[in-house]
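What follows is the content of data-v7.txt, which has compact mmCIF, C-alpha atoms:
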```txt
# COMPACT_ATOMS: atom_id res chain seq x y z
CA MET A 38 39.28 -78.48 175.17
CA ALA A 39 42.37 -77.22 173.32
CA SER A 40 40.93 -73.69 173.37
CA LEU A 41 40.89 -73.68 177.19
CA PRO A 42 43.97 -72.51 179.13
CA GLU A 43 46.10 -75.33 180.50
CA PRO A 44 45.21 -74.76 184.22
CA VAL A 45 41.50 -74.94 183.37
CA ARG A 46 41.99 -78.13 181.38
CA ARG A 47 43.85 -79.62 184.33
CA LEU A 48 41.13 -78.55 186.75
CA ILE A 49 38.47 -80.21 184.56
CA GLU A 50 40.55 -83.37 184.30
CA GLU A 51 41.00 -83.55 188.08
CA ILE A 52 37.28 -82.97 188.77
CA GLU A 53 36.37 -85.59 186.17
CA ARG A 54 38.30 -88.19 188.17
CA LEU A 55 35.75 -87.95 190.98
CA PRO A 56 33.12 -90.72 191.07
CA GLY A 57 29.86 -89.91 189.31
CA ILE A 58 31.27 -86.83 187.53
CA GLY A 59 31.21 -86.89 183.74
CA PRO A 60 32.95 -84.45 181.36
CA LYS A 61 30.00 -82.05 181.20
CA SER A 62 29.57 -81.90 184.99
CA ALA A 63 33.33 -81.43 185.39
CA GLN A 64 33.26 -78.47 182.98
CA ARG A 65 30.30 -76.93 184.80
CA LEU A 66 31.98 -77.27 188.22
CA ALA A 67 35.27 -75.90 186.90
CA LEU A 68 33.46 -72.91 185.41
CA HIS A 69 31.65 -72.32 188.69
CA LEU A 70 34.95 -72.39 190.62
CA LEU A 71 36.56 -69.95 188.18
CA GLN A 72 33.68 -67.55 188.59
CA SER A 73 33.66 -67.79 192.42
CA ASP A 74 35.46 -65.44 194.81
CA GLU A 75 39.09 -66.29 195.37
CA ALA A 76 38.43 -66.59 199.12
CA GLU A 77 35.73 -69.21 198.51
CA VAL A 78 37.97 -71.26 196.26
CA GLU A 79 40.83 -71.05 198.74
CA ALA A 80 38.52 -72.18 201.55
CA LEU A 81 37.47 -75.18 199.46
CA ALA A 82 41.08 -76.07 198.64
CA ARG A 83 42.08 -75.75 202.31
CA ALA A 84 39.13 -77.92 203.40
CA LEU A 85 40.10 -80.61 200.88
CA VAL A 86 43.73 -80.72 201.95
CA GLU A 87 42.95 -80.51 205.66
CA ALA A 88 40.37 -83.31 205.50
CA LYS A 89 42.78 -85.54 203.62
CA ARG A 90 45.69 -84.78 205.98
CA ARG A 91 43.88 -84.88 209.31
CA VAL A 92 41.17 -87.49 208.94
CA GLY A 93 42.12 -91.12 209.44
CA ARG A 94 40.45 -94.19 210.85
CA CYS A 95 39.53 -94.68 214.49
CA ARG A 96 41.82 -97.19 216.20
CA ASP A 97 38.88 -99.05 217.75
CA CYS A 98 35.90 -98.82 215.41
CA PHE A 99 37.40 -97.70 212.04
CA ASN A 100 35.03 -94.76 211.78
CA TRP A 101 36.57 -91.54 210.44
CA ALA A 102 38.59 -89.87 213.16
CA VAL A 103 40.80 -86.87 213.77
CA GLY A 104 43.42 -88.41 216.01
CA GLU A 105 43.53 -91.90 217.41
CA LEU A 106 39.88 -92.26 218.42
CA CYS A 107 36.71 -91.01 216.74
CA GLU A 108 34.36 -88.67 218.61
CA ILE A 109 32.01 -91.53 219.46
CA CYS A 110 34.64 -93.89 220.90
CA ALA A 111 36.19 -91.00 222.85
CA ASP A 112 32.81 -89.97 224.31
CA SER A 113 32.56 -91.45 227.82
CA THR A 114 28.79 -90.88 227.94
CA ARG A 115 28.11 -93.39 225.13
CA GLU A 116 26.71 -96.77 226.16
CA ARG A 117 29.57 -99.23 225.88
CA ASP A 118 27.52 -102.41 226.12
CA VAL A 119 25.95 -102.12 222.66
CA VAL A 120 27.91 -102.27 219.40
CA CYS A 121 26.32 -101.47 216.08
CA VAL A 122 28.06 -102.97 213.04
CA VAL A 123 27.89 -100.98 209.78
CA GLU A 124 29.54 -101.18 206.37
CA GLN A 125 30.91 -97.64 205.95
CA PRO A 126 31.53 -94.50 208.06
CA ILE A 127 28.73 -92.78 206.13
CA ASP A 128 26.32 -95.33 207.69
CA VAL A 129 27.43 -94.14 211.16
CA ALA A 130 26.37 -90.64 210.16
CA ALA A 131 22.96 -91.95 208.97
CA LEU A 132 22.34 -93.80 212.25
CA GLU A 133 23.48 -90.81 214.32
CA ARG A 134 21.02 -88.59 212.43
CA SER A 135 18.19 -90.83 213.68
CA GLY A 136 19.00 -89.81 217.27
CA GLU A 137 17.83 -93.25 218.42
CA TYR A 138 21.15 -94.83 219.23
CA ARG A 139 23.66 -94.07 221.99
CA GLY A 140 26.02 -97.04 221.78
CA LEU A 141 29.31 -97.70 219.98
CA TYR A 142 29.90 -98.59 216.33
CA HIS A 143 32.12 -100.90 214.34
CA VAL A 144 32.80 -100.09 210.69
CA LEU A 145 33.58 -103.11 208.49
CA GLU A 146 34.79 -101.01 205.53
CA GLY A 147 32.68 -102.97 203.06
CA ALA A 148 30.54 -106.08 202.72
CA LEU A 149 31.16 -109.61 201.50
CA ASN A 150 30.96 -109.81 197.72
CA PRO A 151 31.98 -113.01 195.94
CA VAL A 152 31.93 -111.47 192.47
CA LEU A 153 34.32 -108.70 193.53
CA GLY A 154 36.41 -111.12 195.59
CA VAL A 155 35.68 -109.35 198.89
CA GLY A 156 35.94 -112.07 201.52
CA PRO A 157 36.01 -112.02 205.32
CA GLU A 158 39.75 -111.27 205.34
CA ASN A 159 39.16 -108.07 203.37
CA LEU A 160 36.82 -106.65 206.01
CA ARG A 161 37.34 -105.61 209.64
CA ILE A 162 35.71 -108.82 210.88
CA ALA A 163 38.71 -110.17 212.80
CA ALA A 164 38.97 -106.81 214.60
CA LEU A 165 35.25 -106.98 215.41
CA LEU A 166 35.58 -110.45 216.93
CA ALA A 167 38.52 -109.27 219.04
CA ARG A 168 36.57 -106.17 220.11
CA ILE A 169 33.53 -108.20 221.11
CA GLU A 170 35.80 -110.46 223.15
CA GLU A 171 37.32 -107.43 224.90
CA LEU A 172 34.19 -105.26 225.39
CA LYS A 173 31.84 -108.13 226.18
CA PRO A 174 28.75 -106.10 225.14
CA ARG A 175 25.25 -107.31 225.93
CA GLU A 176 24.04 -106.58 222.38
CA MET A 177 25.46 -106.37 218.88
CA ILE A 178 23.23 -104.78 216.22
CA LEU A 179 23.98 -105.85 212.66
CA ALA A 180 23.12 -102.78 210.58
CA THR A 181 24.63 -103.77 207.26
CA SER A 182 22.55 -102.88 204.18
CA PRO A 183 19.58 -105.11 203.30
CA THR A 184 21.30 -106.22 200.09
CA VAL A 185 22.64 -109.67 199.17
CA GLU A 186 26.10 -108.51 200.23
CA GLY A 187 24.94 -106.86 203.47
CA ASP A 188 22.72 -109.77 204.47
CA ALA A 189 25.49 -112.30 203.75
CA THR A 190 27.93 -110.24 205.82
CA ALA A 191 25.48 -110.05 208.73
CA GLU A 192 24.86 -113.78 208.54
CA TYR A 193 28.59 -114.55 208.40
CA ILE A 194 29.25 -112.42 211.52
CA ARG A 195 26.29 -113.99 213.29
CA SER A 196 27.64 -117.47 212.61
CA GLU A 197 31.13 -116.47 213.79
CA LEU A 198 29.75 -115.08 217.06
CA ALA A 199 26.97 -117.58 217.71
CA GLY A 200 27.21 -118.91 221.23
CA VAL A 201 29.56 -116.21 222.51
CA GLY A 202 28.60 -115.69 226.16
CA GLU A 203 25.43 -113.69 226.78
CA LEU A 204 25.74 -111.66 223.58
CA ARG A 205 22.39 -110.81 222.01
CA ILE A 206 22.74 -110.47 218.24
CA THR A 207 20.08 -108.40 216.50
CA ARG A 208 19.48 -107.26 212.91
CA ILE A 209 17.96 -103.91 211.98
CA ALA A 210 14.33 -104.23 210.85
CA LEU A 211 13.67 -104.63 207.14
CA GLY A 212 10.56 -103.70 205.24
CA LEU A 213 8.63 -100.75 203.86
CA PRO A 214 10.10 -97.24 204.15
CA VAL A 215 8.10 -94.53 205.92
CA GLY A 216 5.68 -92.86 203.52
CA ALA A 217 5.91 -95.66 200.94
CA ASP A 218 2.91 -96.77 198.95
CA LEU A 219 2.30 -100.49 199.42
CA ASP A 220 1.06 -100.78 195.85
CA TYR A 221 4.40 -99.63 194.44
CA ALA A 222 6.62 -101.77 196.66
CA ASP A 223 8.35 -104.76 195.04
CA GLN A 224 7.32 -108.26 196.12
CA VAL A 225 10.61 -109.02 197.92
CA THR A 226 10.23 -105.96 200.16
CA VAL A 227 6.56 -106.72 200.87
CA ALA A 228 7.41 -110.36 201.69
CA ARG A 229 10.15 -109.23 204.08
CA ALA A 230 7.86 -106.66 205.68
CA LEU A 231 5.27 -109.38 206.28
CA ARG A 232 7.85 -111.77 207.72
CA GLY A 233 9.15 -109.01 210.01
CA ARG A 234 5.73 -107.96 211.32
CA ARG A 235 5.36 -107.40 215.07
CA PRO A 236 2.46 -107.13 217.50
CA MET A 237 1.05 -103.62 217.97
CA GLU A 238 1.63 -102.24 221.43
CA MET B 806 15.27 -95.26 171.62
CA ARG B 807 13.79 -98.74 171.34
CA SER B 808 12.41 -100.48 174.42
CA TYR B 809 12.52 -104.22 174.95
CA ARG B 810 11.86 -106.81 177.59
CA ALA B 811 14.14 -109.61 178.69
CA GLU B 812 14.39 -112.28 181.35
CA GLY B 813 17.65 -111.85 183.18
CA VAL B 814 19.86 -112.57 186.19
CA ALA B 815 21.89 -109.78 187.82
CA LEU B 816 25.53 -110.84 187.58
CA LEU B 817 27.31 -107.85 189.07
CA ALA B 818 26.72 -104.19 189.75
CA HIS B 819 28.67 -101.09 190.58
CA GLU B 820 27.67 -97.65 191.77
CA TYR B 821 26.71 -94.98 189.28
CA ARG B 822 26.19 -91.32 190.16
CA GLY B 823 25.24 -91.64 193.80
CA THR B 824 22.11 -93.75 194.09
CA GLY B 825 22.31 -95.37 190.64
CA ARG B 826 23.88 -98.68 189.63
CA VAL B 827 25.34 -100.02 186.42
CA VAL B 828 24.24 -103.64 186.35
CA ASN B 829 25.41 -106.53 184.21
CA PHE B 830 22.47 -108.81 183.51
CA PHE B 831 22.71 -112.15 181.77
CA THR B 832 19.52 -112.42 179.74
CA ARG B 833 17.97 -115.28 177.84
CA GLU B 834 17.12 -113.08 174.84
CA ARG B 835 20.22 -110.90 174.43
CA GLY B 836 22.98 -112.53 176.45
CA LYS B 837 24.93 -110.05 178.56
CA VAL B 838 23.28 -106.64 178.87
CA GLU B 839 24.80 -103.67 180.67
CA ALA B 840 22.18 -101.25 181.94
CA VAL B 841 21.84 -98.27 184.22
CA ALA B 842 19.27 -98.47 186.99
CA GLN B 843 18.68 -95.07 188.53
CA GLY B 844 17.65 -94.27 192.10
CA ILE B 845 18.40 -97.76 193.41
CA GLY B 846 19.95 -96.55 196.65
CA LYS B 847 16.88 -94.54 197.65
CA PRO B 848 14.33 -96.15 199.98
CA GLY B 849 11.26 -97.25 198.08
CA SER B 850 12.95 -97.81 194.71
CA SER B 851 10.82 -100.26 192.76
CA LEU B 852 13.89 -101.46 190.81
CA ALA B 853 16.17 -102.15 193.79
CA ALA B 854 15.10 -105.76 194.38
CA ALA B 855 15.64 -106.71 190.72
CA VAL B 856 19.23 -105.47 190.58
CA GLU B 857 20.28 -107.39 193.68
CA LEU B 858 23.02 -109.90 192.84
CA PHE B 859 21.79 -113.23 191.43
CA THR B 860 18.14 -112.13 191.29
CA HIS B 861 16.14 -113.56 188.38
CA SER B 862 13.73 -110.98 186.99
CA GLN B 863 11.59 -109.92 184.08
CA LEU B 864 13.25 -106.72 182.90
CA PHE B 865 11.96 -103.81 180.87
CA LEU B 866 14.77 -101.83 179.27
CA VAL B 867 15.36 -99.01 176.85
CA GLU B 868 18.30 -99.19 174.46
CA GLY B 869 20.93 -96.51 174.90
CA ARG B 870 23.98 -95.39 172.92
CA ILE B 871 26.44 -96.84 175.43
CA LEU B 872 24.35 -98.30 178.23
CA ASP B 873 20.75 -99.46 178.21
CA ARG B 874 18.37 -98.15 180.88
CA LEU B 875 16.29 -100.30 183.20
CA THR B 876 12.82 -98.78 183.46
CA GLN B 877 10.72 -101.49 185.12
CA ALA B 878 11.35 -104.91 186.63
CA ARG B 879 9.45 -107.76 188.18
CA VAL B 880 11.32 -110.20 190.41
CA LEU B 881 10.72 -113.82 189.42
CA GLU B 882 13.06 -115.49 191.92
CA ALA B 883 15.06 -113.68 194.61
CA PHE B 884 17.00 -116.78 195.80
CA GLU B 885 16.85 -115.33 199.31
CA SER B 886 18.40 -118.27 201.13
CA LEU B 887 21.71 -117.69 199.29
CA ARG B 888 22.15 -114.67 201.58
CA LEU B 889 22.17 -116.92 204.60
CA HIS B 890 24.85 -119.34 203.39
CA VAL B 891 28.11 -117.72 202.46
CA ARG B 892 29.59 -120.82 200.74
CA ARG B 893 26.55 -121.19 198.51
CA LEU B 894 26.75 -117.48 197.78
CA GLY B 895 30.40 -117.92 196.78
CA HIS B 896 29.58 -120.69 194.31
CA ALA B 897 26.67 -118.68 192.88
CA GLY B 898 29.12 -115.80 192.50
CA PHE B 899 31.54 -118.07 190.65
CA LEU B 900 28.93 -119.04 188.03
CA CYS B 901 27.76 -115.46 187.58
CA GLU B 902 31.28 -114.08 187.32
CA LEU B 903 32.19 -116.75 184.77
CA LEU B 904 29.31 -115.64 182.54
CA ALA B 905 30.07 -111.96 183.14
CA CYS B 906 33.70 -112.41 182.08
CA ALA B 907 33.45 -115.08 179.39
CA THR B 908 30.55 -113.74 177.33
CA GLU B 909 30.15 -110.69 175.13
CA PRO B 910 27.15 -108.32 175.13
CA GLY B 911 24.49 -109.12 172.57
CA GLN B 912 25.34 -112.83 172.25
CA PRO B 913 22.36 -114.82 173.51
CA ILE B 914 23.16 -118.30 174.86
CA PRO B 915 19.76 -119.52 176.11
CA THR B 916 21.12 -122.88 177.29
CA ALA B 917 23.70 -121.14 179.51
CA PHE B 918 20.96 -118.89 180.89
CA ASP B 919 18.78 -121.90 181.73
CA ASP B 920 21.73 -123.72 183.32
CA LEU B 921 22.52 -120.66 185.45
CA VAL B 922 18.95 -120.24 186.68
CA ILE B 923 18.60 -123.93 187.54
CA ALA B 924 21.97 -123.87 189.34
CA LEU B 925 20.88 -120.83 191.40
CA ARG B 926 17.62 -122.59 192.18
CA LEU B 927 19.48 -125.71 193.37
CA LEU B 928 21.94 -123.67 195.46
CA ASP B 929 19.02 -121.79 196.99
CA ALA B 930 17.32 -125.09 197.80
CA ASP B 931 20.26 -126.38 199.83
CA HIS B 932 21.81 -128.81 197.33
CA GLU B 933 25.49 -129.53 197.95
CA PRO B 934 27.20 -126.39 196.57
CA VAL B 935 30.29 -128.15 195.17
CA THR B 936 28.09 -130.59 193.22
CA VAL B 937 25.91 -127.83 191.78
CA ALA B 938 28.87 -125.57 190.97
CA ALA B 939 30.88 -128.36 189.30
CA ALA B 940 27.94 -129.63 187.24
CA ALA B 941 26.75 -126.17 186.21
CA THR B 942 30.25 -124.98 185.33
CA TRP B 943 30.79 -128.02 183.10
CA ARG B 944 27.52 -127.39 181.30
CA ILE B 945 28.18 -123.67 180.96
CA LEU B 946 31.67 -124.31 179.56
CA GLY B 947 29.98 -126.65 177.06
CA ASP B 948 27.36 -123.99 176.23
CA LEU B 949 30.19 -121.52 175.59
CA GLY B 950 32.00 -124.11 173.45
CA VAL B 951 35.10 -124.22 175.65
CA ALA B 952 34.71 -127.46 177.61
CA PRO B 953 37.96 -129.45 177.47
CA ASP B 954 38.06 -132.57 175.32
CA LEU B 955 38.68 -135.56 177.53
CA ASP B 956 38.15 -138.13 174.76
CA ARG B 957 41.20 -137.55 172.56
CA CYS B 958 44.90 -137.20 173.42
CA VAL B 959 45.98 -133.59 172.94
CA ARG B 960 49.47 -134.72 171.82
CA CYS B 961 49.02 -137.73 169.53
CA GLY B 962 45.31 -137.38 168.76
CA ALA B 963 44.54 -141.00 169.70
CA ALA B 964 41.11 -141.76 171.15
CA LEU B 965 41.43 -142.16 174.89
CA GLU B 966 40.15 -145.05 176.83
CA ALA B 967 42.18 -144.67 179.98
CA THR B 968 43.16 -141.02 180.11
CA ARG B 969 46.02 -140.31 182.48
CA VAL B 970 45.83 -136.61 183.14
CA PHE B 971 44.27 -133.33 182.06
CA LEU B 972 46.89 -130.68 181.32
CA ALA B 973 45.63 -127.14 181.67
CA PRO B 974 48.39 -125.39 179.65
CA GLU B 975 47.58 -127.67 176.70
CA ALA B 976 43.80 -127.48 177.31
CA GLY B 977 43.39 -131.23 176.91
CA SER B 978 44.26 -134.66 178.21
CA VAL B 979 47.11 -137.01 177.34
CA CYS B 980 47.08 -140.76 176.78
CA GLY B 981 49.25 -143.28 178.62
CA SER B 982 51.91 -143.36 175.87
CA CYS B 983 52.34 -139.59 175.76
CA PHE B 984 52.23 -139.20 179.54
CA THR B 985 55.54 -138.38 181.23
CA ASP B 986 56.38 -138.21 184.93
CA GLU B 987 56.67 -134.42 184.65
CA ASP B 988 53.04 -134.20 183.55
CA GLY B 989 51.87 -135.72 186.80
CA GLU B 990 53.83 -133.34 188.97
CA THR B 991 52.56 -129.99 187.77
CA ASP B 992 49.98 -127.93 189.70
CA ALA B 993 48.15 -127.35 186.45
CA SER B 994 47.13 -130.97 185.91
CA VAL B 995 44.28 -133.10 187.19
CA PRO B 996 44.16 -136.90 187.08
CA VAL B 997 41.35 -138.00 184.79
CA SER B 998 39.86 -141.30 185.85
CA ALA B 999 37.38 -143.34 183.85
CA GLN B 1000 34.72 -142.25 186.36
CA LEU B 1001 35.49 -138.57 185.78
CA ARG B 1002 35.21 -139.02 182.01
CA ALA B 1003 31.93 -140.87 182.48
CA LEU B 1004 30.64 -138.09 184.74
CA THR B 1005 31.43 -135.35 182.22
CA GLY B 1006 29.71 -137.40 179.52
CA THR B 1007 26.64 -137.80 181.70
CA LEU B 1008 26.53 -134.10 182.59
CA GLY B 1009 26.43 -133.22 178.92
CA ARG B 1010 23.08 -134.94 178.43
CA PHE B 1011 21.59 -135.03 181.95
CA PRO B 1012 19.09 -132.26 182.85
CA MET B 1013 20.51 -129.99 185.56
CA SER B 1014 17.19 -130.08 187.38
CA ARG B 1015 17.68 -133.82 188.06
CA LEU B 1016 21.18 -133.41 189.46
CA SER B 1017 20.24 -134.83 192.86
CA ARG B 1018 19.55 -138.19 191.19
CA LEU B 1019 23.21 -138.59 190.26
CA ASN B 1020 25.02 -140.72 192.79
CA VAL B 1021 28.60 -139.48 192.56
CA ASP B 1022 31.40 -139.41 195.11
CA THR B 1023 32.28 -135.94 196.54
CA ALA B 1024 35.96 -136.42 195.64
CA LEU B 1025 35.01 -136.80 191.98
CA TRP B 1026 33.02 -133.55 192.02
CA ASN B 1027 36.04 -131.83 193.56
CA ASP B 1028 38.31 -133.23 190.78
CA LEU B 1029 35.87 -131.91 188.19
CA LEU B 1030 35.75 -128.50 189.86
CA ARG B 1031 39.56 -128.32 189.86
CA LEU B 1032 39.72 -129.29 186.20
CA GLU B 1033 37.16 -126.62 185.31
CA ARG B 1034 39.01 -123.94 187.24
CA LEU B 1035 42.24 -124.79 185.44
CA GLN B 1036 40.46 -124.67 182.08
CA ILE B 1037 39.01 -121.25 182.98
CA ARG B 1038 42.38 -119.93 184.09
CA TYR B 1039 44.52 -121.32 181.26
CA TYR B 1040 42.15 -121.56 178.30
CA LEU B 1041 39.92 -118.55 178.94
CA GLY B 1042 42.69 -116.61 180.70
CA LEU B 1043 40.39 -115.62 183.56
CA GLU B 1044 41.33 -115.24 187.22
CA LEU B 1045 37.91 -115.13 188.86
CA GLN B 1046 37.56 -112.99 191.99
CA SER B 1047 35.00 -115.39 193.42
CA ASP B 1048 37.73 -118.04 193.54
CA SER B 1049 39.68 -115.92 196.00
CA PHE B 1050 36.45 -115.39 197.97
CA LEU B 1051 35.90 -119.17 198.19
CA ARG B 1052 39.54 -119.76 199.16
CA GLN B 1053 39.11 -117.34 202.08
CA LEU B 1054 36.12 -119.31 203.33
CA CYS B 1055 38.18 -122.53 203.29
CA ARG B 1056 41.04 -121.11 205.34
CA PRO B 1057 40.85 -121.94 209.03
CA GLY B 1058 39.77 -118.99 211.23
```

If you convert what's in this file into structure tokens, what do you get?
Amino acid sequence: MASLPEPVRRLIEEIERLPGIGPKSAQRLALHLLQSDEAEVEALARALVEAKRRVGRCRDCFNWAVGELCEICADSTRERDVVCVVEQPIDVAALERSGEYRGLYHVLEGALNPVLGVGPENLRIAALLARIEELKPREMILATSPTVEGDATAEYIRSELAGVGELRITRIALGLPVGADLDYADQVTVARALRGRRPME
Amino acid sequence: MRSYRAEGVALLAHEYRGTGRVVNFFTRERGKVEAVAQGIGKPGSSLAAAVELFTHSQLFLVEGRILDRLTQARVLEAFESLRLHVRRLGHAGFLCELLACATEPGQPIPTAFDDLVIALRLLDADHEPVTVAAAATWRILGDLGVAPDLDRCVRCGAALEATRVFLAPEAGSVCGSCFTDEDGETDASVPVSAQLRALTGTLGRFPMSRLSRLNVDTALWNDLLRLERLQIRYYLGLELQSDSFLRQLCRPG
């Protein structure tokens, strides 16, 4: 590293701080940037700074937003009587890609995790309860991940909202992914898929 | 690289290069093992179920220079009902975090492993979580060789018949003659009754699997749990995150 000019060393160090990037990957990316057109590198730098400066959290749902409300909350054509609860903004993007959902979202910014000390107070659960009280939706979809943490979070929210008016609380379906080979699926997934079976229409 | 198999429980995990996880397992054969499991976040991963927190699995691993690599796994017990009861999950987390923080890699402690698995089984089967957590913690502290001595005064060394109080900063209990008023007023002390001493003695030789046969008052289990937490904080120097999780669950809405 000592043979590299100081700005390059700094660039490698900064890239290495990103999650999932080791020293070798950082060197490769730094080299790629140095060999790129100046205009490309400037565009990347501008995009980084602009995203950091302009993107915040939506006042209502805590999704990423430019301004006070995210595009979904600000969209008057979205169905406002269904709220889908997810762990992270990236999950909103995944659900939007499906094209199946036209309601609102609520981002918890994590999931309950006893070992990491993430309790209900560390998530946007109080804000969700207040929002449900205000919006009075007919349905709330719990779309947290099918992990121990995601399931526990969904169950905790369900118990907090049980018996609230006419609210229908649903959980996204769990089971085998499309294209999966039954033979290679683990027994927990197969058991859940069997428990979640439904009549064929 | 040498491959090996081990029976283990997933204690904690964190993300690794996108869809991978670095998982801490507590295994019967090798104690704590840190291993990479790749592709866990992708749908259809055959390893994903085995690296879920608290899952008991048969693991197939390959030794690595820094981290081992999980290549295959078969779930033995998923303890699925823990997901539906946040308090039970919190106590399971406490036991797992204790083992994750208080043990070193490569030090097998088969008795602690067995105690953990039985405790998870009992929590999963709807046994009172405080009872299971207190009993299992006492046994695990004993397995680790750090259970406090409640039989001898930490100050004068006299054998105790009627212990007054357990003092966390001194990691022991004091007799009536050594006891001062100040000792009773600190937050880091727990009164030690004859019943509590009898309970700890029983737990040392009573199989965890027969815990439901013990007829013990809830208040006594809570005293034991408090004593254990103080021992963990003062003697082991550990502030467990799961404690803050459990405290949040106790706070009114």

Given all atoms listed in the file as the counted atoms, nearest of B:Ser1047, B:Ser808, B:Gln912, B:Asn1027 to chain A: B:Ser1047

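Minimum atom-to-atom distance to A:Leu70, evaluated using only C-alpha atoms, belongs to A:Ile52 out of A:Ile58, A:Ile178, A:Val215, A:Ile52.
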
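Residues lying at most 10 Å from (42.2, -126.1, 174.6) in file coordinates, with only C-alpha atoms considered, are Val951, Ala952, Pro953, Asp954, Val959, Leu972, Ala973, Pro974, Glu975, Ala976, Gly977, Ser978, Gln1036, Tyr1039, Tyr1040 and Leu1041 of chain B.
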
Any chance you can output those residues with C-alpha atoms as a short mmCIF file (atom, residue, chain, number, x, y, z; two decimals), in the coordinates of the input?
```cif
data_model
loop_
_atom_site.label_atom_id
_atom_site.label_comp_id
_atom_site.auth_asym_id
_atom_site.auth_seq_id
_atom_site.Cartn_x
_atom_site.Cartn_y
_atom_site.Cartn_z
CA VAL B 951 35.10 -124.22 175.65
CA ALA B 952 34.71 -127.46 177.61
CA PRO B 953 37.96 -129.45 177.47
CA ASP B 954 38.06 -132.57 175.32
CA VAL B 959 45.98 -133.59 172.94
CA LEU B 972 46.89 -130.68 181.32
CA ALA B 973 45.63 -127.14 181.67
CA PRO B 974 48.39 -125.39 179.65
CA GLU B 975 47.58 -127.67 176.70
CA ALA B 976 43.80 -127.48 177.31
CA GLY B 977 43.39 -131.23 176.91
CA SER B 978 44.26 -134.66 178.21
CA GLN B 1036 40.46 -124.67 182.08
CA TYR B 1039 44.52 -121.32 181.26
CA TYR B 1040 42.15 -121.56 178.30
CA LEU B 1041 39.92 -118.55 178.94
#
```

Check: which chain A residues lie within 12 Å of chain B using only C-alpha atoms, as a ChimeraX atom specification: /A:55-59,62,148-160,162-163,166,182-197,211-229

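What separates atom CA of B:Arg893 from atom CA of B:Ile945 is a distance of 17.8 Å.
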
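Taking all atoms listed in the file into account, B:Ala938 lies nearest to B:Glu1033 out of the set B:Glu987, B:Glu834, B:Glu1044, B:Glu1033.
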
Coordinates-based distance that separates atom CA of B:Asp920 from atom CA of B:Glu839 (Å, one decimal): 20.5 Å

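Coordinates place atom CA of B:Leu864 at a distance of 6.8 Å from atom CA of B:Gly813.
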
Cut-off 12 Å around (37.8, -87.8, 215.1) with only C-alpha atoms: residues as a PyMOL selection string: chain A and resi 88+91-112+126

Test item: write stretch 43-55 of chain A with N, CA and C atoms as a PDB file, in the first residue's frame:
```
ATOM      1  N   GLU A  43      -0.989   8.774  -2.018  1.00  0.00           N
ATOM      2  CA  GLU A  43      -1.852   8.973  -0.847  1.00  0.00           C
ATOM      3  C   GLU A  43      -3.343   9.048  -1.192  1.00  0.00           C
ATOM      4  N   PRO A  44      -3.740   9.792  -2.280  1.00  0.00           N
ATOM      5  CA  PRO A  44      -5.185   9.853  -2.601  1.00  0.00           C
ATOM      6  C   PRO A  44      -5.758   8.475  -2.939  1.00  0.00           C
ATOM      7  N   VAL A  45      -4.956   7.636  -3.575  1.00  0.00           N
ATOM      8  CA  VAL A  45      -5.443   6.293  -3.927  1.00  0.00           C
ATOM      9  C   VAL A  45      -5.610   5.454  -2.665  1.00  0.00           C
ATOM     10  N   ARG A  46      -4.629   5.583  -1.762  1.00  0.00           N
ATOM     11  CA  ARG A  46      -4.723   4.841  -0.502  1.00  0.00           C
ATOM     12  C   ARG A  46      -5.988   5.242   0.247  1.00  0.00           C
ATOM     13  N   ARG A  47      -6.250   6.563   0.236  1.00  0.00           N
ATOM     14  CA  ARG A  47      -7.439   7.063   0.949  1.00  0.00           C
ATOM     15  C   ARG A  47      -8.713   6.538   0.307  1.00  0.00           C
ATOM     16  N   LEU A  48      -8.719   6.542  -1.032  1.00  0.00           N
ATOM     17  CA  LEU A  48      -9.891   6.042  -1.759  1.00  0.00           C
ATOM     18  C   LEU A  48     -10.146   4.569  -1.397  1.00  0.00           C
ATOM     19  N   ILE A  49      -9.094   3.781  -1.378  1.00  0.00           N
ATOM     20  CA  ILE A  49      -9.234   2.352  -1.035  1.00  0.00           C
ATOM     21  C   ILE A  49      -9.767   2.205   0.397  1.00  0.00           C
ATOM     22  N   GLU A  50      -9.208   3.009   1.290  1.00  0.00           N
ATOM     23  CA  GLU A  50      -9.648   2.928   2.693  1.00  0.00           C
ATOM     24  C   GLU A  50     -11.140   3.262   2.826  1.00  0.00           C
ATOM     25  N   GLU A  51     -11.568   4.303   2.091  1.00  0.00           N
ATOM     26  CA  GLU A  51     -12.979   4.717   2.178  1.00  0.00           C
ATOM     27  C   GLU A  51     -13.899   3.632   1.608  1.00  0.00           C
ATOM     28  N   ILE A  52     -13.482   3.052   0.465  1.00  0.00           N
ATOM     29  CA  ILE A  52     -14.323   2.012  -0.156  1.00  0.00           C
ATOM     30  C   ILE A  52     -14.386   0.785   0.753  1.00  0.00           C
ATOM     31  N   GLU A  53     -13.279   0.495   1.415  1.00  0.00           N
ATOM     32  CA  GLU A  53     -13.210  -0.681   2.287  1.00  0.00           C
ATOM     33  C   GLU A  53     -14.153  -0.570   3.477  1.00  0.00           C
ATOM     34  N   ARG A  54     -14.538   0.659   3.801  1.00  0.00           N
ATOM     35  CA  ARG A  54     -15.463   0.844   4.934  1.00  0.00           C
ATOM     36  C   ARG A  54     -16.878   0.419   4.602  1.00  0.00           C
ATOM     37  N   LEU A  55     -17.181   0.238   3.324  1.00  0.00           N
ATOM     38  CA  LEU A  55     -18.537  -0.162   2.929  1.00  0.00           C
ATOM     39  C   LEU A  55     -18.784  -1.621   3.317  1.00  0.00           C
TER      40      LEU A  55
END
```
